[in-house]
Amino acid sequence: MKFISFRIRNYKGIQDTTIKLNGSKGSIYTLVGLNESGKTTILEAINNFYPDVEGAHAIAQKSISTEPIEALVPKKHKDNFNGEISVEAKLVIDKDDIVKLTELCKSEYGFQIDAKTFSPNISVKRRHIFENSEFIETRSSWKISVSAKSSGARKIRILNSEQEEWQQVIIELRKLFPRIVYFPTFLFDFPEKILISDGECDFEGNEYFKQMVEDALASLDDPLELQKHIIDRVIKKDAEIPFASWLPTWMRSDERERVSSVLDKLSRKLTIEIFGRWADVLGTDPGQKELVIEDLVEDSESAARRVFLEFKVKDGYTKFKISERSLGFRWFFCFLLFTRFIRGSGTGGCIFLFDEPASNLHSKAQTKLLDSLEVITDGDNDIIYSTHSHHLINPLWLETTFIITNGIPNSGESLDADFVVEDSDIHAQSYKHFVGQNAEKSHYFQPILDRLQVSPSLLEATREGVFTEGKSDFYILNWYKKYRQKQTDLDFVPVGGANNASALMSLYLGLSLRFVLLLDSDSEGNKAKKNYLNKLPISENSIIQIGDVFQTPRKKKIEDLISNDTKSAIKQKYGITRIRKSHILRAFSEALSGQNDLPDDEETLNNLKLLVDQLSTRLREL
C-alpha cells in the first residue's frame, strides 16, 4: 500500500493545499522554501495524519504530541473557530495486499471479501472538530467500497460503516498503512549511555536509541529481544541480593557471558551496517573502525537495577565515545543508525519526514546527504524532506519537488517580515508548475535558485557541459549516465525550450567555458540553430542536433531513441494504451528520484550510448 496524496486544510497557517505523491516505490520528495515559508507546518500536518507517538518517535514528537490541539487553529480564527482541521490521505492498495486482506478476513472473522469489486483507491480523512474555538473531538472518515458475503451465504452485499464486518476490514487495512516517521530536527547529541530498563532518564532522546536497539536486535539472523535477552537477565539475576554484593558475582556469572554474547552480535551487526555503508555514502574509507557496545548496571533507589548500554568506536587499540567525535561524524552516524533500523508497518515500508536535515553542516556534508537519502529508499521507503539550502537540492529530483510559499509578500526575505502580522496561506506548488509561471528564466534550474535567493559567485560556474532543449532530454540522458555509464563526466542543463538558451550560452561564453547545445532535428530546432549562429559568436560545432548523430528521419527527438520494448514497459507501468511524451518523461524522472524499474533494453542503450559519446567527442574538440 502506498500514499499518493495528502490534502491539508485549516492546519495552522495552511488554508488548503495538497502534496501529491507519484505512488512509485522508493521516491524522494523535496519541499523548498525560505525560512518561515511553512515547510515545517506541512511536515507536521502529514505527521498528524497518524502520529507515530509510540516507541522510537515519542520523544522526537514531544513538542507536537504534547502541544494543545487548540494550537492548530489558524490564528485568524482563534476568536471563533467553528469547523474542522483535517488531513486527508489518499492511498492505493496493490493486488497482493487485497489478496492478504481477503484471506485474513476469511480466516479471522469468517466472511469473504469480493476481491473483484474491491476498489484499490482509498481515502481517509483525520478531522479535528471545533465549536466556538473549543476542541470537541477527533474523527476519522473513510471512503472505501467493500463488498462481502458471510460464511455459507450466497449473496454478496455492500458493506457500510454501521456493520461489524466493515469495521473489521478498516482495522486490518490500517495495519497495512506505510508508517509515517517524523524527525523534526535530527539528533546531533549521542548520549553517554542509553537507559534500556524502566525508569526516568535525563537524556530526552533516550527512547529513540532504546527503540533502535530493539529493532536492531530483531534484525539479526537469529532475532533476539531486548527485554528477554538483556534486561531480564540483569534484573532477575539474584534480584534479592544487595547491589554491592551482587555486582562482583554478576561480573563472573554465566548470565553476564550470555548478555556479552548478545552485545557482541549486536556490535558486529551495527559495525557492518553503519561503517559498511559509510564508504558508499560519504566516499571515504572508515578504515578498521568498529562499534563496541558494553553493558553498564547501576543501583537505584527502587528495588530494580538500572541497565544501560554504552556505545564506543574502536579504532585500532583506542576506544572513543560517540559523543567525543566531530559534529559531522555524530550526525551521519545517527542518521545511518536510525534510518537503517526503523521498521515499517504493513507492506508499504515507511515515509520518512526530515525537517531541514544537515542544515548545520557545511556544504560538502549537505551534498553527501543527498547520496545517503537514496540509500534509505532502497526497498519501499519514501522520503519527504524540507530545505532552504541549494546544496540539498538534487536537479534529478525536480519533478518531485514542491515550492513552498506562505502568501505573505517577502516573508523570510528580510528581518522586517518577522514583525508583519498577516494571514498566512501556506501553499505547496509542484516545481514544474512553478517553472511554467517563470518561463522567461534562462534555464530550468533558474526559478528555484531565484526562490532561494542564491547568488553564485563566478568561481562556482566552472563546469563545462551540455545544454538540453528540454526536461525529457535532461532526465533520459541523466538516467543513462547514472545507471549505465557512470564514468561519463558530462553535466546536463535543461534550458526549457529550443529558443531559450541565449542567456546561458552568453554566460558561458563570457566565462570562456565550453558547451554544446543539443537540439531536436525538427523545424523548431532548425530555426533555433540558425538564430543562435546569427546572433552569438559561436561555431556550428557548439550545436548538435539529434539527426546529425543518427542520420535517419525516424530519429529526430530524444523520445525517438527509446525502443518500442521500453515504451511497452512504460505503457504497462501506467496502465495506458497510448504513450505520450509526458509518460516517457515521468517514467525516467521517477527512475531517477526513486527505484529504477526501466528495462535493460539493448536498442535504447545503444542509441543513448551513441548520442552521449558524440556529445563527449564534440565537447572535447571545441
# chains A, B, ... in the order shown; residues from 1 in each chain; ligands from 1

$ residues_around --residues "A:Ser27" --least-positions-apart "5" --cutoff "8 Å" --atoms "only C-alpha atoms" --output "ChimeraX atom specification"
/A:22,377,381-383,590,593-595

$ write_last_selection --atoms "N, CA and C atoms" --output "PDB file, in the first residue's frame"
ATOM      1  N   ASN A  22       3.828  10.384  -6.286  1.00  0.00           N
ATOM      2  CA  ASN A  22       3.651   9.648  -7.540  1.00  0.00           C
ATOM      3  C   ASN A  22       3.265   8.190  -7.347  1.00  0.00           C
ATOM      4  N   THR A 377      16.008   4.838   0.510  1.00  0.00           N
ATOM      5  CA  THR A 377      14.839   4.485  -0.285  1.00  0.00           C
ATOM      6  C   THR A 377      14.954   3.115  -0.930  1.00  0.00           C
ATOM      7  N   ASN A 381      10.696   2.339   1.107  1.00  0.00           N
ATOM      8  CA  ASN A 381      10.669   3.584   1.873  1.00  0.00           C
ATOM      9  C   ASN A 381      10.624   4.803   0.950  1.00  0.00           C
ATOM     10  N   ASP A 382       9.836   5.801   1.353  1.00  0.00           N
ATOM     11  CA  ASP A 382       9.799   7.102   0.693  1.00  0.00           C
ATOM     12  C   ASP A 382      10.353   8.153   1.648  1.00  0.00           C
ATOM     13  N   ILE A 383      10.755   9.282   1.086  1.00  0.00           N
ATOM     14  CA  ILE A 383      11.287  10.380   1.890  1.00  0.00           C
ATOM     15  C   ILE A 383      10.632  11.682   1.444  1.00  0.00           C
ATOM     16  N   GLU A 590      10.960   9.413 -12.551  1.00  0.00           N
ATOM     17  CA  GLU A 590      10.696   8.575 -11.381  1.00  0.00           C
ATOM     18  C   GLU A 590      11.815   7.580 -11.159  1.00  0.00           C
ATOM     19  N   SER A 593      14.450   9.592  -9.273  1.00  0.00           N
ATOM     20  CA  SER A 593      14.141  10.024  -7.908  1.00  0.00           C
ATOM     21  C   SER A 593      13.717   8.877  -7.017  1.00  0.00           C
ATOM     22  N   GLY A 594      13.492   7.711  -7.593  1.00  0.00           N
ATOM     23  CA  GLY A 594      13.115   6.538  -6.807  1.00  0.00           C
ATOM     24  C   GLY A 594      13.877   5.317  -7.255  1.00  0.00           C
ATOM     25  N   GLN A 595      13.175   4.232  -7.482  1.00  0.00           N
ATOM     26  CA  GLN A 595      13.812   2.994  -7.912  1.00  0.00           C
ATOM     27  C   GLN A 595      13.810   2.901  -9.432  1.00  0.00           C
TER      28      GLN A 595
END

$ residues_around --residues "A:Asn478" --least-positions-apart "2" --cutoff "9 Å" --atoms "only C-alpha atoms" --output "PyMOL selection string"
chain A and resi 396+473-476+480-483+491-492+588+592

$ write_last_selection --atoms "all heavy atoms" --output "CSV table (one decimal), in the first residue's frame"
chain,number,residue,atom,x,y,z
A,396,LEU,N,18.0,16.1,-10.3
A,396,LEU,CA,17.4,14.9,-10.9
A,396,LEU,C,16.0,14.7,-10.2
A,396,LEU,O,15.2,13.9,-10.7
A,396,LEU,CB,18.3,13.7,-10.8
A,396,LEU,CG,19.6,13.8,-11.4
A,396,LEU,CD1,20.4,12.5,-11.2
A,396,LEU,CD2,19.5,14.2,-12.9
A,473,ASP,N,15.0,15.4,-22.5
A,473,ASP,CA,16.5,15.1,-22.8
A,473,ASP,C,17.3,15.0,-21.5
A,473,ASP,O,18.1,14.1,-21.3
A,473,ASP,CB,17.1,16.2,-23.7
A,473,ASP,CG,16.2,16.5,-24.9
A,473,ASP,OD1,15.1,17.0,-24.7
A,473,ASP,OD2,16.6,16.3,-26.0
A,474,PHE,N,17.0,15.9,-20.6
A,474,PHE,CA,17.7,16.0,-19.3
A,474,PHE,C,17.6,14.7,-18.5
A,474,PHE,O,18.5,14.2,-18.0
A,474,PHE,CB,17.2,17.2,-18.5
A,474,PHE,CG,17.8,17.3,-17.1
A,474,PHE,CD1,19.1,17.7,-16.9
A,474,PHE,CD2,17.0,17.0,-16.0
A,474,PHE,CE1,19.6,17.9,-15.7
A,474,PHE,CE2,17.5,17.1,-14.8
A,474,PHE,CZ,18.8,17.5,-14.6
A,475,TYR,N,16.3,14.3,-18.3
A,475,TYR,CA,16.1,13.1,-17.5
A,475,TYR,C,16.6,11.8,-18.2
A,475,TYR,O,17.1,10.9,-17.5
A,475,TYR,CB,14.6,13.0,-17.1
A,475,TYR,CG,14.2,14.0,-16.1
A,475,TYR,CD1,13.2,15.0,-16.4
A,475,TYR,CD2,14.8,14.0,-14.9
A,475,TYR,CE1,12.8,15.9,-15.5
A,475,TYR,CE2,14.4,15.0,-13.9
A,475,TYR,CZ,13.4,15.9,-14.2
A,475,TYR,OH,13.1,16.9,-13.3
A,476,ILE,N,16.4,11.7,-19.5
A,476,ILE,CA,16.8,10.5,-20.2
A,476,ILE,C,18.3,10.3,-20.2
A,476,ILE,O,18.8,9.3,-19.9
A,476,ILE,CB,16.2,10.4,-21.6
A,476,ILE,CG1,14.7,10.3,-21.5
A,476,ILE,CG2,16.8,9.3,-22.4
A,476,ILE,CD1,14.0,10.4,-22.9
A,480,TYR,N,20.7,7.5,-18.2
A,480,TYR,CA,21.7,6.7,-18.8
A,480,TYR,C,23.1,6.9,-18.1
A,480,TYR,O,23.8,6.0,-17.8
A,480,TYR,CB,21.9,7.1,-20.3
A,480,TYR,CG,23.0,6.4,-21.0
A,480,TYR,CD1,22.9,5.0,-21.3
A,480,TYR,CD2,24.2,7.0,-21.3
A,480,TYR,CE1,23.9,4.4,-22.0
A,480,TYR,CE2,25.2,6.3,-21.9
A,480,TYR,CZ,25.1,5.0,-22.3
A,480,TYR,OH,26.1,4.3,-22.9
A,481,LYS,N,23.4,8.2,-17.7
A,481,LYS,CA,24.6,8.4,-17.0
A,481,LYS,C,24.6,7.8,-15.6
A,481,LYS,O,25.7,7.2,-15.2
A,481,LYS,CB,24.8,10.0,-16.9
A,481,LYS,CG,26.0,10.4,-16.0
A,481,LYS,CD,26.0,11.9,-15.9
A,481,LYS,CE,27.1,12.4,-15.0
A,481,LYS,NZ,27.1,13.9,-14.8
A,482,LYS,N,23.5,7.8,-14.9
A,482,LYS,CA,23.5,7.3,-13.5
A,482,LYS,C,23.6,5.8,-13.5
A,482,LYS,O,24.3,5.2,-12.7
A,482,LYS,CB,22.2,7.8,-12.8
A,482,LYS,CG,22.1,7.3,-11.4
A,482,LYS,CD,20.9,7.9,-10.7
A,482,LYS,CE,20.7,7.3,-9.3
A,482,LYS,NZ,19.5,7.9,-8.6
A,483,TYR,N,22.8,5.1,-14.4
A,483,TYR,CA,22.6,3.7,-14.3
A,483,TYR,C,23.5,2.9,-15.3
A,483,TYR,O,23.7,1.7,-15.1
A,483,TYR,CB,21.2,3.3,-14.4
A,483,TYR,CG,20.3,3.8,-13.3
A,483,TYR,CD1,19.3,4.8,-13.5
A,483,TYR,CD2,20.5,3.4,-12.0
A,483,TYR,CE1,18.5,5.2,-12.5
A,483,TYR,CE2,19.7,3.8,-11.0
A,483,TYR,CZ,18.7,4.8,-11.2
A,483,TYR,OH,17.9,5.2,-10.2
A,491,ASP,N,27.9,17.2,-17.7
A,491,ASP,CA,26.9,17.8,-17.0
A,491,ASP,C,25.8,18.2,-17.9
A,491,ASP,O,26.1,18.9,-18.9
A,491,ASP,CB,27.4,18.9,-16.1
A,491,ASP,CG,28.2,18.5,-14.9
A,491,ASP,OD1,28.0,17.3,-14.5
A,491,ASP,OD2,28.9,19.3,-14.3
A,492,PHE,N,24.5,17.9,-17.6
A,492,PHE,CA,23.4,18.3,-18.4
A,492,PHE,C,22.6,19.4,-17.8
A,492,PHE,O,22.3,19.3,-16.6
A,492,PHE,CB,22.5,17.1,-18.7
A,492,PHE,CG,23.3,16.0,-19.4
A,492,PHE,CD1,23.6,14.8,-18.7
A,492,PHE,CD2,23.6,16.0,-20.7
A,492,PHE,CE1,24.3,13.8,-19.3
A,492,PHE,CE2,24.3,15.0,-21.4
A,492,PHE,CZ,24.6,13.8,-20.6
A,588,PHE,N,11.2,8.2,-16.7
A,588,PHE,CA,12.6,8.4,-16.5
A,588,PHE,C,12.9,9.3,-15.3
A,588,PHE,O,13.8,9.0,-14.5
A,588,PHE,CB,13.3,9.0,-17.7
A,588,PHE,CG,13.5,7.9,-18.8
A,588,PHE,CD1,12.6,7.7,-19.8
A,588,PHE,CD2,14.7,7.2,-18.8
A,588,PHE,CE1,12.8,6.7,-20.7
A,588,PHE,CE2,15.0,6.3,-19.8
A,588,PHE,CZ,14.0,6.0,-20.8
A,592,LEU,N,14.8,8.2,-11.6
A,592,LEU,CA,16.0,8.9,-11.1
A,592,LEU,C,15.7,9.3,-9.6
A,592,LEU,O,16.6,9.3,-8.8
A,592,LEU,CB,16.2,10.2,-11.9
A,592,LEU,CG,16.9,10.0,-13.2
A,592,LEU,CD1,16.8,11.2,-14.1
A,592,LEU,CD2,18.4,9.6,-13.0

$ closest_residue --among "A:Leu43, A:Leu507, A:Ile241, A:Ala216" --to "A:Ile272" --atoms "only C-alpha atoms"
A:Ala216

$ residues_around --residues "stretch 535-539 of chain A" --least-positions-apart "3" --cutoff "10 Å" --atoms "only C-alpha atoms" --output "number ranges by chain"
A: 502, 505-506, 509, 530-532, 542-543, 622

$ write_last_selection --atoms "N, CA and C atoms" --output "PDB file, in the first residue's frame"
ATOM      1  N   SER A 502      19.908  31.386 -25.093  1.00  0.00           N
ATOM      2  CA  SER A 502      20.809  32.517 -25.368  1.00  0.00           C
ATOM      3  C   SER A 502      21.508  33.027 -24.116  1.00  0.00           C
ATOM      4  N   MET A 505      24.140  30.509 -22.813  1.00  0.00           N
ATOM      5  CA  MET A 505      25.297  30.436 -23.711  1.00  0.00           C
ATOM      6  C   MET A 505      26.142  31.706 -23.598  1.00  0.00           C
ATOM      7  N   SER A 506      25.486  32.845 -23.442  1.00  0.00           N
ATOM      8  CA  SER A 506      26.226  34.103 -23.287  1.00  0.00           C
ATOM      9  C   SER A 506      27.061  34.091 -22.013  1.00  0.00           C
ATOM     10  N   LEU A 509      30.028  31.839 -22.586  1.00  0.00           N
ATOM     11  CA  LEU A 509      30.987  32.498 -23.478  1.00  0.00           C
ATOM     12  C   LEU A 509      31.796  33.535 -22.708  1.00  0.00           C
ATOM     13  N   LYS A 530      19.712  28.223 -36.393  1.00  0.00           N
ATOM     14  CA  LYS A 530      20.037  29.328 -37.301  1.00  0.00           C
ATOM     15  C   LYS A 530      20.110  30.656 -36.555  1.00  0.00           C
ATOM     16  N   ASN A 531      19.160  30.886 -35.636  1.00  0.00           N
ATOM     17  CA  ASN A 531      19.147  32.139 -34.881  1.00  0.00           C
ATOM     18  C   ASN A 531      20.372  32.273 -33.982  1.00  0.00           C
ATOM     19  N   TYR A 532      20.766  31.183 -33.313  1.00  0.00           N
ATOM     20  CA  TYR A 532      21.924  31.229 -32.424  1.00  0.00           C
ATOM     21  C   TYR A 532      23.199  31.515 -33.205  1.00  0.00           C
ATOM     22  N   SER A 542      29.305  24.035 -31.827  1.00  0.00           N
ATOM     23  CA  SER A 542      28.734  24.222 -30.496  1.00  0.00           C
ATOM     24  C   SER A 542      27.285  23.762 -30.414  1.00  0.00           C
ATOM     25  N   ILE A 543      26.702  23.432 -31.548  1.00  0.00           N
ATOM     26  CA  ILE A 543      25.319  22.969 -31.586  1.00  0.00           C
ATOM     27  C   ILE A 543      25.272  21.631 -32.307  1.00  0.00           C
ATOM     28  N   LEU A 622      36.004  21.150 -29.056  1.00  0.00           N
ATOM     29  CA  LEU A 622      35.814  22.602 -29.084  1.00  0.00           C
ATOM     30  C   LEU A 622      37.036  23.345 -28.562  1.00  0.00           C
TER      31      LEU A 622
END

$ closest_atom_pairs --of "stretch 128-215 of chain A" --to "stretch 98-112 of chain A" --cutoff "6 Å" --atoms "only C-alpha atoms" --output "JSON lines"
{"residue": "A:Ala148", "atom": "CA", "partner": "A:Gln112", "partner_atom": "CA", "distance": 5.3}
{"residue": "A:Lys149", "atom": "CA", "partner": "A:Gln112", "partner_atom": "CA", "distance": 5.3}
{"residue": "A:Ser150", "atom": "CA", "partner": "A:Phe111", "partner_atom": "CA", "distance": 4.4}
{"residue": "A:Ser151", "atom": "CA", "partner": "A:Phe111", "partner_atom": "CA", "distance": 5.2}
